[in-house]
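Shown next: work16.pdb, given as PDB, C-alpha atoms.
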```pdb
ATOM      1  CA  MET Y 297      35.046 147.553  18.606
ATOM      2  CA  LYS Y 298      35.687 145.267  15.635
ATOM      3  CA  GLN Y 299      34.860 146.575  12.174
ATOM      4  CA  GLY Y 300      32.211 143.885  11.750
ATOM      5  CA  GLU Y 301      30.452 145.141  14.872
ATOM      6  CA  ALA Y 302      30.647 148.728  13.630
ATOM      7  CA  PHE Y 303      29.050 147.738  10.339
ATOM      8  CA  ALA Y 304      26.315 145.823  12.156
ATOM      9  CA  ILE Y 305      25.431 149.090  13.946
ATOM     10  CA  LEU Y 306      25.655 151.109  10.727
ATOM     11  CA  SER Y 307      23.614 148.627   8.730
ATOM     12  CA  ALA Y 308      20.860 148.538  11.371
ATOM     13  CA  PHE Y 309      20.766 152.352  11.340
ATOM     14  CA  ALA Y 310      20.521 152.337   7.540
ATOM     15  CA  GLU Y 311      17.678 149.831   7.563
ATOM     16  CA  LYS Y 312      15.798 151.898  10.141
ATOM     17  CA  HIS Y 313      16.062 155.016   7.961
ATOM     18  CA  GLU Y 314      15.880 153.205   4.576
ATOM     19  CA  ALA Y 315      19.245 154.775   3.871
ATOM     20  CA  LEU Y 316      21.479 154.095   0.906
ATOM     21  CA  ILE Y 317      25.097 153.183   1.723
ATOM     22  CA  VAL Y 318      28.115 153.676  -0.543
ATOM     23  CA  ALA Y 319      31.100 151.713   0.772
ATOM     24  CA  ASP Y 320      34.759 152.099  -0.103
ATOM     25  CA  ILE Y 321      36.797 149.374  -1.731
ATOM     26  CA  GLY Y 322      38.247 146.691   0.498
ATOM     27  CA  SER Y 323      37.223 145.985   4.026
ATOM     28  CA  GLN Y 324      34.375 148.548   4.053
ATOM     29  CA  SER Y 325      32.520 146.904   1.161
ATOM     30  CA  LEU Y 326      33.250 143.445   2.497
ATOM     31  CA  TRP Y 327      32.184 144.133   6.073
ATOM     32  CA  LEU Y 328      29.069 145.949   4.871
ATOM     33  CA  LYS Y 329      28.016 142.910   2.866
ATOM     34  CA  ALA Y 330      28.824 140.633   5.788
ATOM     35  CA  ALA Y 331      26.543 142.767   7.994
ATOM     36  CA  GLY Y 332      23.648 142.101   5.625
ATOM     37  CA  ASP Y 333      23.399 142.352   1.860
ATOM     38  CA  ARG Y 334      20.865 144.931   0.642
ATOM     39  CA  ALA Y 335      20.140 146.357  -2.787
ATOM     40  CA  GLU Y 336      20.620 149.722  -1.072
ATOM     41  CA  ASN Y 337      24.314 148.868  -0.576
ATOM     42  CA  LEU Y 338      26.574 150.204  -3.320
ATOM     43  CA  TYR Y 339      29.849 148.313  -2.991
ATOM     44  CA  LEU Y 340      32.831 150.003  -4.619
ATOM     45  CA  SER Y 341      35.730 147.931  -5.844
ATOM     46  CA  GLY Y 342      37.895 150.784  -7.020
ATOM     47  CA  PRO Y 343      39.568 153.144  -6.733
ATOM     48  CA  MET Y 344      40.360 153.822  -3.074
ATOM     49  CA  GLY Y 345      38.744 156.855  -1.555
ATOM     50  CA  MET Y 346      35.820 157.466  -3.888
ATOM     51  CA  ALA Y 347      32.948 156.486  -1.574
ATOM     52  CA  SER Y 348      32.463 160.037  -0.294
ATOM     53  CA  SER Y 349      32.312 161.457  -3.826
ATOM     54  CA  VAL Y 350      30.048 158.730  -5.219
ATOM     55  CA  ALA Y 351      27.768 159.159  -2.191
ATOM     56  CA  LEU Y 352      27.591 162.897  -2.899
ATOM     57  CA  GLY Y 353      26.390 162.080  -6.406
ATOM     58  CA  VAL Y 354      23.790 159.671  -5.028
ATOM     59  CA  ALA Y 355      22.658 162.200  -2.414
ATOM     60  CA  THR Y 356      22.265 164.887  -5.074
ATOM     61  CA  ALA Y 357      20.297 162.514  -7.273
ATOM     62  CA  HIS Y 358      17.867 161.488  -4.515
ATOM     63  CA  LYS Y 359      17.465 164.265  -1.977
ATOM     64  CA  ASP Y 360      14.524 162.477  -0.368
ATOM     65  CA  ARG Y 361      16.723 159.520   0.658
ATOM     66  CA  ALA Y 362      19.283 159.412   3.451
ATOM     67  CA  VAL Y 363      22.696 158.511   2.046
ATOM     68  CA  ILE Y 364      25.718 157.220   3.975
ATOM     69  CA  ALA Y 365      29.314 157.117   2.745
ATOM     70  CA  ALA Y 366      31.193 154.332   4.566
ATOM     71  CA  CYS Y 367      34.878 155.170   4.240
ATOM     72  CA  GLY Y 368      38.102 153.675   5.456
ATOM     73  CA  ASP Y 369      40.496 156.070   7.133
ATOM     74  CA  GLY Y 370      43.201 155.212   4.597
ATOM     75  CA  ALA Y 371      40.730 155.673   1.755
ATOM     76  CA  LEU Y 372      39.294 158.967   2.982
ATOM     77  CA  ALA Y 373      42.801 160.310   3.502
ATOM     78  CA  MET Y 374      43.263 159.800  -0.249
ATOM     79  CA  ASN Y 375      40.241 161.980  -0.993
ATOM     80  CA  MET Y 376      40.295 164.572   1.789
ATOM     81  CA  SER Y 377      39.357 167.241  -0.735
ATOM     82  CA  SER Y 378      35.937 165.593  -0.976
ATOM     83  CA  LEU Y 379      35.258 166.799   2.578
ATOM     84  CA  ALA Y 380      35.828 170.375   1.382
ATOM     85  CA  THR Y 381      33.476 169.780  -1.546
ATOM     86  CA  ILE Y 382      30.779 168.283   0.714
ATOM     87  CA  SER Y 383      31.246 171.041   3.288
ATOM     88  CA  ASN Y 384      30.678 173.614   0.572
ATOM     89  CA  ALA Y 385      27.758 171.807  -1.084
ATOM     90  CA  ARG Y 386      26.056 170.979   2.244
ATOM     91  CA  PRO Y 387      23.844 168.084   1.129
ATOM     92  CA  ALA Y 388      21.376 167.716   4.002
ATOM     93  CA  ASN Y 389      20.807 164.007   3.359
ATOM     94  CA  LEU Y 390      24.457 162.858   3.409
ATOM     95  CA  SER Y 391      26.430 161.406   6.314
ATOM     96  CA  VAL Y 392      30.083 160.437   6.017
ATOM     97  CA  VAL Y 393      31.324 157.658   8.290
ATOM     98  CA  VAL Y 394      35.022 156.914   8.716
ATOM     99  CA  MET Y 395      36.132 153.499   9.967
ATOM    100  CA  ASP Y 396      39.327 154.432  11.739
ATOM    101  CA  ASN Y 397      41.794 151.680  12.579
ATOM    102  CA  GLY Y 398      44.922 153.582  11.564
ATOM    103  CA  ILE Y 399      46.106 150.936   9.108
ATOM    104  CA  TYR Y 400      45.701 149.723   5.548
ATOM    105  CA  GLU Y 401      44.063 146.443   6.555
ATOM    106  CA  PHE Y 402      44.232 145.031   3.030
ATOM    107  CA  THR Y 403      47.869 145.961   2.557
ATOM    108  CA  LYS Y 404      49.571 143.916   5.242
ATOM    109  CA  SER Y 405      48.308 146.321   7.920
ATOM    110  CA  LEU Y 406      50.807 149.042   7.063
ATOM    111  CA  PRO Y 407      50.182 152.266   9.002
ATOM    112  CA  ALA Y 408      47.888 154.721   7.188
ATOM    113  CA  PRO Y 409      48.497 158.498   6.983
ATOM    114  CA  GLY Y 410      44.978 159.039   8.328
ATOM    115  CA  ARG Y 411      46.702 158.730  11.694
ATOM    116  CA  GLY Y 412      47.632 162.367  11.106
ATOM    117  CA  VAL Y 413      43.981 163.474  11.095
ATOM    118  CA  ARG Y 414      41.779 164.367  14.057
ATOM    119  CA  TRP Y 415      38.695 162.626  12.689
ATOM    120  CA  ASN Y 416      36.635 163.723  15.682
ATOM    121  CA  HIS Y 417      37.130 167.402  14.717
ATOM    122  CA  ILE Y 418      36.022 167.264  11.079
ATOM    123  CA  SER Y 419      33.119 169.684  11.435
ATOM    124  CA  GLN Y 420      35.486 172.299  12.850
ATOM    125  CA  ALA Y 421      37.827 172.105   9.868
ATOM    126  CA  PHE Y 422      34.963 171.634   7.390
ATOM    127  CA  PRO Y 423      32.158 173.764   8.838
ATOM    128  CA  GLY Y 424      29.526 172.751   6.287
ATOM    129  CA  PHE Y 425      29.222 169.526   8.291
ATOM    130  CA  ARG Y 426      26.600 170.169  10.956
ATOM    131  CA  SER Y 427      28.086 167.736  13.448
ATOM    132  CA  THR Y 428      30.809 165.211  14.178
ATOM    133  CA  ILE Y 429      29.751 162.368  16.439
ATOM    134  CA  PRO Y 430      31.151 159.008  17.527
ATOM    135  CA  LEU Y 431      29.493 155.917  16.110
ATOM    136  CA  SER Y 432      28.166 155.100  19.575
ATOM    137  CA  GLU Y 433      25.785 158.099  19.249
ATOM    138  CA  ILE Y 434      24.494 157.375  15.760
ATOM    139  CA  ASP Y 435      21.001 156.395  16.911
ATOM    140  CA  ALA Y 436      20.413 160.043  17.853
ATOM    141  CA  LEU Y 437      21.392 161.233  14.374
ATOM    142  CA  ALA Y 438      18.791 162.816  12.070
ATOM    143  CA  PRO Y 439      20.146 161.660   8.704
ATOM    144  CA  GLN Y 440      18.107 164.168   6.683
ATOM    145  CA  ASN Y 441      19.399 167.100   8.708
ATOM    146  CA  GLY Y 442      23.047 166.960   7.755
ATOM    147  CA  PRO Y 443      25.568 166.689   6.406
ATOM    148  CA  HIS Y 444      27.016 164.797   9.358
ATOM    149  CA  PHE Y 445      30.366 163.154  10.036
ATOM    150  CA  VAL Y 446      30.598 159.982  12.113
ATOM    151  CA  HIS Y 447      33.848 158.734  13.614
ATOM    152  CA  ALA Y 448      34.056 154.998  14.262
ATOM    153  CA  GLU Y 449      37.162 153.956  16.168
ATOM    154  CA  ILE Y 450      37.723 150.296  15.362
ATOM    155  CA  GLU Y 451      40.322 147.656  16.110
ATOM    156  CA  PRO Y 452      42.362 145.966  13.408
ATOM    157  CA  GLY Y 453      41.047 142.477  12.735
ATOM    158  CA  ALA Y 454      40.609 139.605  10.311
ATOM    159  CA  LEU Y 455      39.373 140.287   6.798
ATOM    160  CA  PRO Y 456      35.825 139.281   5.852
ATOM    161  CA  PRO Y 457      34.974 137.071   2.842
ATOM    162  CA  GLY Y 458      34.735 138.675  -0.612
ATOM    163  CA  PRO Y 459      31.458 140.244  -1.793
ATOM    164  CA  GLY Y 460      31.079 137.956  -4.805
ATOM    165  CA  LEU Y 461      29.297 140.601  -6.870
ATOM    166  CA  HIS Y 462      30.523 142.059 -10.145
ATOM    167  CA  ALA Y 463      30.766 145.846 -10.349
ATOM    168  CA  VAL Y 464      28.246 146.079 -13.193
ATOM    169  CA  ASP Y 465      25.774 143.909 -11.265
ATOM    170  CA  VAL Y 466      26.181 146.171  -8.224
ATOM    171  CA  HIS Y 467      25.488 149.193 -10.452
ATOM    172  CA  HIS Y 468      22.341 147.787 -12.043
ATOM    173  CA  ARG Y 469      20.939 146.330  -8.834
ATOM    174  CA  PHE Y 470      21.333 149.738  -7.175
ATOM    175  CA  LYS Y 471      19.854 151.651 -10.097
ATOM    176  CA  ALA Y 472      16.836 149.336 -10.182
ATOM    177  CA  LEU Y 473      15.789 150.753  -6.803
ATOM    178  CA  PHE Y 474      14.854 154.005  -8.503
ATOM    179  CA  ARG Y 475      12.969 152.775 -11.547
ATOM    180  CA  GLU Y 476       9.435 154.144 -11.619
TER
ATOM    181  CA  MET V 912      24.478 180.909 -26.375
ATOM    182  CA  ILE V 913      24.673 179.901 -22.713
ATOM    183  CA  VAL V 914      20.883 180.099 -22.407
ATOM    184  CA  ARG V 915      20.519 177.768 -25.394
ATOM    185  CA  ILE V 916      22.873 175.259 -23.786
ATOM    186  CA  LEU V 917      21.080 175.425 -20.439
ATOM    187  CA  ASP V 918      17.678 174.996 -22.091
ATOM    188  CA  ALA V 919      18.937 171.976 -24.021
ATOM    189  CA  LEU V 920      20.320 170.377 -20.863
ATOM    190  CA  ALA V 921      17.086 170.964 -18.977
ATOM    191  CA  ALA V 922      14.997 169.636 -21.850
ATOM    192  CA  HIS V 923      16.970 166.396 -21.723
ATOM    193  CA  ASN V 924      16.885 166.026 -17.917
ATOM    194  CA  ILE V 925      20.613 166.644 -17.519
ATOM    195  CA  GLN V 926      20.283 168.284 -14.119
ATOM    196  CA  ILE V 927      23.274 167.136 -12.067
ATOM    197  CA  THR V 928      26.435 168.958 -13.032
ATOM    198  CA  THR V 929      29.854 169.136 -11.442
ATOM    199  CA  GLY V 930      33.236 170.444 -12.385
ATOM    200  CA  VAL V 931      36.551 172.074 -11.694
ATOM    201  CA  PRO V 932      36.830 175.423 -13.457
ATOM    202  CA  ASP V 933      38.791 176.285 -16.552
ATOM    203  CA  GLY V 934      38.711 179.863 -17.811
ATOM    204  CA  TRP V 935      36.949 178.852 -21.018
ATOM    205  CA  LEU V 936      34.185 177.079 -19.068
ATOM    206  CA  VAL V 937      33.407 179.934 -16.678
ATOM    207  CA  PRO V 938      30.354 181.311 -18.568
ATOM    208  CA  LEU V 939      28.707 177.893 -18.581
ATOM    209  CA  ILE V 940      29.624 177.151 -14.959
ATOM    210  CA  LYS V 941      28.137 180.497 -13.901
ATOM    211  CA  GLY V 942      25.012 179.723 -15.882
ATOM    212  CA  LEU V 943      24.627 176.315 -14.263
ATOM    213  CA  SER V 944      25.293 177.706 -10.794
ATOM    214  CA  ASP V 945      22.745 180.509 -11.149
ATOM    215  CA  ASP V 946      19.952 178.415 -12.686
ATOM    216  CA  GLU V 947      17.650 176.616 -10.247
ATOM    217  CA  ARG V 948      16.979 173.897 -12.791
ATOM    218  CA  PHE V 949      20.452 172.488 -12.088
ATOM    219  CA  ASP V 950      22.597 171.253  -9.249
ATOM    220  CA  TYR V 951      26.157 172.419  -9.870
ATOM    221  CA  ILE V 952      28.634 170.861  -7.432
ATOM    222  CA  ALA V 953      31.927 172.723  -7.331
ATOM    223  CA  ALA V 954      34.464 169.928  -6.801
ATOM    224  CA  ALA V 955      37.922 170.462  -5.387
ATOM    225  CA  ARG V 956      39.545 167.857  -7.649
ATOM    226  CA  GLU V 957      38.616 166.159 -10.880
ATOM    227  CA  GLU V 958      38.554 162.622  -9.434
ATOM    228  CA  GLU V 959      35.659 163.797  -7.306
ATOM    229  CA  CYS V 960      33.764 164.891 -10.422
ATOM    230  CA  PHE V 961      33.996 161.400 -11.833
ATOM    231  CA  GLY V 962      32.826 159.976  -8.500
ATOM    232  CA  ILE V 963      29.886 162.373  -8.302
ATOM    233  CA  ALA V 964      28.854 161.702 -11.902
ATOM    234  CA  ALA V 965      29.192 157.942 -11.431
ATOM    235  CA  GLY V 966      27.061 158.130  -8.288
ATOM    236  CA  ALA V 967      24.396 160.093 -10.154
ATOM    237  CA  ALA V 968      24.483 157.680 -13.087
ATOM    238  CA  MET V 969      24.168 154.627 -10.824
ATOM    239  CA  SER V 970      21.169 156.384  -9.258
ATOM    240  CA  GLY V 971      19.478 156.628 -12.633
ATOM    241  CA  LYS V 972      20.165 160.326 -13.201
ATOM    242  CA  ARG V 973      21.978 162.150 -15.991
ATOM    243  CA  ALA V 974      25.125 164.093 -15.176
ATOM    244  CA  LEU V 975      27.437 166.496 -16.967
ATOM    245  CA  VAL V 976      31.066 166.987 -15.888
ATOM    246  CA  LEU V 977      33.131 170.057 -16.806
ATOM    247  CA  MET V 978      36.916 170.208 -16.565
ATOM    248  CA  GLN V 979      40.127 171.112 -18.320
ATOM    249  CA  ASN V 980      42.024 168.440 -20.246
ATOM    250  CA  SER V 981      44.684 168.402 -17.512
ATOM    251  CA  GLY V 982      41.910 167.500 -15.065
ATOM    252  CA  PHE V 983      41.291 164.300 -16.933
ATOM    253  CA  LEU V 984      45.003 163.561 -16.680
ATOM    254  CA  ASN V 985      44.688 163.984 -12.890
ATOM    255  CA  ALA V 986      41.776 161.589 -12.756
ATOM    256  CA  VAL V 987      42.576 158.747 -15.156
ATOM    257  CA  GLY V 988      42.726 156.213 -12.316
ATOM    258  CA  ALA V 989      39.268 157.082 -11.018
ATOM    259  CA  PHE V 990      37.944 157.097 -14.567
ATOM    260  CA  THR V 991      39.197 153.608 -15.351
ATOM    261  CA  THR V 992      38.573 151.786 -12.089
ATOM    262  CA  LEU V 993      35.237 153.424 -11.300
ATOM    263  CA  CYS V 994      33.535 154.868 -14.373
ATOM    264  CA  GLN V 995      34.680 152.282 -16.902
ATOM    265  CA  LYS V 996      34.518 149.342 -14.518
ATOM    266  CA  TYR V 997      30.984 150.147 -13.373
ATOM    267  CA  GLN V 998      29.919 151.224 -16.893
ATOM    268  CA  THR V 999      28.474 154.547 -15.794
ATOM    269  CA  PRO V1000      27.139 156.730 -18.620
ATOM    270  CA  PHE V1001      27.665 160.492 -18.424
ATOM    271  CA  VAL V1002      29.136 163.257 -20.562
ATOM    272  CA  CYS V1003      32.319 165.129 -19.734
ATOM    273  CA  LEU V1004      32.866 168.523 -21.382
ATOM    274  CA  ILE V1005      36.592 169.190 -21.768
ATOM    275  CA  ALA V1006      38.327 172.520 -22.325
ATOM    276  CA  ASN V1007      41.028 171.107 -24.568
ATOM    277  CA  ARG V1008      43.742 173.622 -23.836
ATOM    278  CA  GLY V1009      47.042 173.788 -25.681
ATOM    279  CA  GLY V1010      45.776 173.491 -29.257
ATOM    280  CA  ILE V1011      45.751 176.023 -32.056
ATOM    281  CA  SER V1012      43.852 178.586 -29.966
ATOM    282  CA  ASP V1013      46.355 178.644 -27.109
ATOM    283  CA  SER V1014      49.687 180.411 -27.111
ATOM    284  CA  ASN V1015      50.321 179.831 -23.399
ATOM    285  CA  SER V1016      53.632 178.108 -22.768
ATOM    286  CA  TYR V1017      52.106 175.939 -20.042
ATOM    287  CA  ASP V1018      49.307 174.369 -22.107
ATOM    288  CA  PRO V1019      50.739 172.334 -25.031
ATOM    289  CA  ASN V1020      51.704 169.289 -22.979
ATOM    290  CA  LYS V1021      48.142 169.040 -21.670
ATOM    291  CA  TYR V1022      46.842 168.867 -25.229
ATOM    292  CA  ARG V1023      49.377 166.287 -26.388
ATOM    293  CA  SER V1024      48.829 164.051 -23.382
ATOM    294  CA  PHE V1025      45.027 164.286 -23.466
ATOM    295  CA  GLU V1026      44.932 163.471 -27.178
ATOM    296  CA  ALA V1027      47.405 160.611 -26.810
ATOM    297  CA  ILE V1028      45.802 159.043 -23.748
ATOM    298  CA  THR V1029      42.191 159.236 -24.916
ATOM    299  CA  ARG V1030      43.251 157.789 -28.285
ATOM    300  CA  SER V1031      45.276 154.979 -26.745
ATOM    301  CA  MET V1032      42.408 154.143 -24.353
ATOM    302  CA  ASN V1033      40.022 154.154 -27.326
ATOM    303  CA  LEU V1034      37.636 156.520 -25.514
ATOM    304  CA  PHE V1035      34.674 158.172 -27.173
ATOM    305  CA  THR V1036      35.591 161.805 -27.837
ATOM    306  CA  HIS V1037      33.659 164.279 -29.965
ATOM    307  CA  PRO V1038      35.270 167.628 -30.903
ATOM    308  CA  SER V1039      32.593 170.309 -30.813
ATOM    309  CA  SER V1040      32.101 174.058 -30.967
ATOM    310  CA  TRP V1041      30.160 176.189 -28.513
ATOM    311  CA  GLU V1042      27.557 176.704 -31.243
ATOM    312  CA  ASP V1043      26.976 172.957 -31.534
ATOM    313  CA  LEU V1044      26.847 172.135 -27.804
ATOM    314  CA  PRO V1045      23.039 172.422 -27.400
ATOM    315  CA  GLU V1046      22.688 169.534 -29.817
ATOM    316  CA  ALA V1047      25.946 167.691 -29.165
ATOM    317  CA  ILE V1048      25.594 167.191 -25.402
ATOM    318  CA  PRO V1049      22.162 165.496 -25.508
ATOM    319  CA  ARG V1050      23.219 163.356 -28.454
ATOM    320  CA  ALA V1051      26.413 162.347 -26.689
ATOM    321  CA  MET V1052      24.402 161.507 -23.576
ATOM    322  CA  ALA V1053      22.100 159.235 -25.556
ATOM    323  CA  ARG V1054      25.127 157.619 -27.155
ATOM    324  CA  CYS V1055      26.810 157.070 -23.771
ATOM    325  CA  GLU V1056      23.658 155.570 -22.278
ATOM    326  CA  GLY V1057      23.367 153.198 -25.195
ATOM    327  CA  ALA V1058      27.022 152.226 -24.924
ATOM    328  CA  GLY V1059      27.036 152.031 -21.128
ATOM    329  CA  GLU V1060      30.098 154.225 -20.802
ATOM    330  CA  PRO V1061      31.153 157.842 -20.269
ATOM    331  CA  GLY V1062      32.120 160.017 -23.205
ATOM    332  CA  PHE V1063      33.911 163.286 -23.855
ATOM    333  CA  ILE V1064      33.055 166.414 -25.799
ATOM    334  CA  THR V1065      36.033 168.672 -26.403
ATOM    335  CA  LEU V1066      36.157 172.389 -27.022
ATOM    336  CA  SER V1067      39.211 173.890 -28.701
ATOM    337  CA  GLU V1068      38.441 177.560 -28.124
ATOM    338  CA  ARG V1069      36.789 179.980 -25.728
ATOM    339  CA  LEU V1070      33.242 181.283 -26.140
ATOM    340  CA  LYS V1071      33.283 184.349 -28.452
TER
END
```
Could you render the structure from this file as structure tokens?
Amino acid sequence: MKQGEAFAILSAFAEKHEALIVADIGSQSLWLKAAGDRAENLYLSGPMGMASSVALGVATAHKDRAVIAACGDGALAMNMSSLATISNARPANLSVVVMDNGIYEFTKSLPAPGRGVRWNHISQAFPGFRSTIPLSEIDALAPQNGPHFVHAEIEPGALPPGPGLHAVDVHHRFKALFRE
Amino acid sequence: MIVRILDALAAHNIQITTGVPDGWLVPLIKGLSDDERFDYIAAAREEECFGIAAGAAMSGKRALVLMQNSGFLNAVGAFTTLCQKYQTPFVCLIANRGGISDSNSYDPNKYRSFEAITRSMNLFTHPSSWEDLPEAIPRAMARCEGAGEPGFITLSERLK
């Protein structure tokens, strides 16, 4: 599966559940926007690996909303400790998705150290996660009954176009969702 | 003292808290963890704290971060390219180890580096005492929201 196809599946799932998505810098933010721009998409443009932590903050702030962290395997490998933090905190409304192509797609496709991780065994190593499933089974997921981990095996591919949104605009567009 | 701080935080809707422990901060972390008015997220590393606080801030909620000065040194990259870039307001309470109250041989470099880096980055820092925290944290939060940036309150001694 191409990353664009994986994000089309993820974006459709998010729309169905009115979920908020926090996407890592690079191809995750770009492919998410290419799948369909929504105010509920929080595109990160730095630093690598923070999507899982930012999503934990969003999930804590709005426990009535399903929240998805869309992470690259290279990015999540930079912030593996966030899985321990999430496992311990057990936010029921958070799902972490890893897009696993084994490379740094934005850095000349160099191999990523995430190759050393069994992404499909995360909930065994981090038992606060209630489940680890492949992306192909995401439609069966109850996003308010987590936290869950979703493993998306994807092929390397061409890069999408840039998001064309400034970080501050992304921030304020997202925050406006919650104004009473 | 801790009850006064907790009441002040609750009165100002500062409900999301996260941190990595320092010995000086333990009484406050215990208070936050045991009080149902707050979410305290025990983070494994300080970069995560900045991510969590930025996520809360971009969701329209107030957040307080607690860490040692060396934790900020760990997390400068996340601070600059996430919190500054996205202009996320929150307050970070720093145990500023290695100053006049510390005789530990392993602390002075933390103090020198924290002071030098925050000064050279022109960051908002406010030295405070435990006694002043109930007033200082809400005021710093209001200041950070007005400025659209995070800010730091530093403590130079343990709670007595």
Skipping near chain neighbours, those fewer than 5 positions away, what residues fall within 9 Å of V:Thr991 using all atoms listed in the file, listed as an NGL selection string? (:Y and (342-343)) or (:V and (986 or 996))
Taking every listed atom of stretch 924-930 of chain V and adding 8 Å to each side, what centre and edge lengths in Å (one decimal) does the axis-aligned box have, as AutoDock Vina command-line options?
```
--center_x 25.1 --center_y 168.2 --center_z -14.7 --size_x 32.4 --size_y 20.4 --size_z 22.5
```
The ChimeraX specification (/Y :<8) & /V - which residues does that actually catch in the file I just gave you? List them as a list in words. Ile927, Asp950, Ile952, Ala953, Ala954, Ala955, Arg956, Glu959, Cys960, Gly962, Ile963, Ala964, Ala965, Gly966, Ala967, Met969, Ser970, Gly971, Lys972, Gly988, Ala989, Thr992, Leu993, Lys996, Tyr997 and Gln998 of chain V
Do you know which residues the PyMOL selection byres ((chain V and resi 1057-1061) around 6) returns on this file, as a PDB file with C-alpha atoms, in the frame of the given file?
```pdb
ATOM      1  CA  GLN V 998      29.919 151.224 -16.893  1.00  0.00           C
ATOM      2  CA  THR V 999      28.474 154.547 -15.794  1.00  0.00           C
ATOM      3  CA  PRO V1000      27.139 156.730 -18.620  1.00  0.00           C
ATOM      4  CA  PHE V1001      27.665 160.492 -18.424  1.00  0.00           C
ATOM      5  CA  VAL V1002      29.136 163.257 -20.562  1.00  0.00           C
ATOM      6  CA  ARG V1054      25.127 157.619 -27.155  1.00  0.00           C
ATOM      7  CA  CYS V1055      26.810 157.070 -23.771  1.00  0.00           C
ATOM      8  CA  GLU V1056      23.658 155.570 -22.278  1.00  0.00           C
ATOM      9  CA  GLY V1062      32.120 160.017 -23.205  1.00  0.00           C
TER      10      GLY V1062
END
```
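What separates atom CA of Y:Arg414 from atom CA of Y:Pro456 is a distance of 27.1 Å.
At a cut-off of 9 Å from (19.2, 167.1, -29.3), the residue set is Ala919, Ala922, His923, Pro1045, Glu1046, Ala1047, Ile1048, Pro1049 and Arg1050 of chain V (counting all atoms listed in the file).
Taking atom CA of V:Ile1064 and atom CA of V:Glu1026 as the two end points, the separation is 12.3 Å.
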Would you mind telling me which residue in V:Asn1033, V:Ser1067, V:Gln995, V:Ser1024 lies nearest to V:Gly1010 when using all atoms listed in the file? V:Ser1067
Please provide the set of residues having any atom within 9 Å of V:Phe1025, restricted to only C-alpha atoms, with same-chain residues fewer than 5 positions apart removed, written as a ChimeraX atom specification. /V:980-981,983-984,1007,1020,1030
Go through the shown structure with the PyMOL selection byres ((chain Y and resi 330) around 9) and write out the matching residues as number ranges by chain. Y: 300, 303-304, 325-329, 331-333, 456-459
By how many Å are atom CA of V:Ser1014 and atom CA of V:Met1032 apart? 27.4 Å
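Of the residues under consideration (V:Glu957, V:Leu1044, V:Asn1015, V:Ala968), V:Leu1044 shows the shortest atom-to-atom contact distance to V:Leu917 when counting only C-alpha atoms.
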So which residues are close to (36.0, 166.5, -24.7), meaning at most 7 Å away in the file's coordinates with all atoms listed in the file counted, and can you show them as a PyMOL selection string? chain V and resi 1003-1007+1036-1038+1063-1066
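With only C-alpha atoms taken into account, the protein and nucleic acid residues at most 12 Å from Y:Lys298 (excluding it and anything under 6 positions from it in its own chain) are Y:Ala304, Y:Ile305, Y:Ser323, Y:Trp327, Y:Met395, Y:Asp396, Y:Asn397, Y:Ala448, Y:Glu449, Y:Ile450, Y:Glu451, Y:Pro452, Y:Gly453, Y:Ala454, Y:Leu455, Y:Pro456.
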Just the residues within 9 Å of Y:Ala315, please, counting all atoms listed in the file, with nothing from its chain fewer than 5 positions along; format it as a PyMOL selection string. chain Y and resi 307+309-310+336-337+361-364+439
For stretch 1009-1018 of chain V, which lacks atoms in the input, supply N, CA and C atoms and format the output as a compact mmCIF listing (two decimals), in the coordinates of the input.
```txt
# COMPACT_ATOMS: atom_id res chain seq x y z
N GLY V 1009 45.74 174.10 -25.10
CA GLY V 1009 47.04 173.79 -25.68
C GLY V 1009 47.03 173.50 -27.16
N GLY V 1010 45.86 173.69 -27.81
CA GLY V 1010 45.78 173.49 -29.26
C GLY V 1010 46.05 174.79 -30.00
N ILE V 1011 45.43 174.90 -31.17
CA ILE V 1011 45.75 176.02 -32.06
C ILE V 1011 45.29 177.37 -31.49
N SER V 1012 44.36 177.33 -30.52
CA SER V 1012 43.85 178.59 -29.97
C SER V 1012 44.61 179.06 -28.75
N ASP V 1013 45.63 178.32 -28.33
CA ASP V 1013 46.36 178.64 -27.11
C ASP V 1013 47.81 178.95 -27.41
N SER V 1014 48.26 180.09 -26.97
CA SER V 1014 49.69 180.41 -27.11
C SER V 1014 50.41 180.35 -25.77
N ASN V 1015 49.69 179.93 -24.72
CA ASN V 1015 50.32 179.83 -23.40
C ASN V 1015 51.42 178.76 -23.40
N SER V 1016 52.53 179.07 -22.79
CA SER V 1016 53.63 178.11 -22.77
C SER V 1016 53.33 176.90 -21.91
N TYR V 1017 52.37 177.03 -20.98
CA TYR V 1017 52.11 175.94 -20.04
C TYR V 1017 51.00 175.00 -20.50
N ASP V 1018 50.44 175.19 -21.69
CA ASP V 1018 49.31 174.37 -22.11
C ASP V 1018 49.62 173.24 -23.09
```
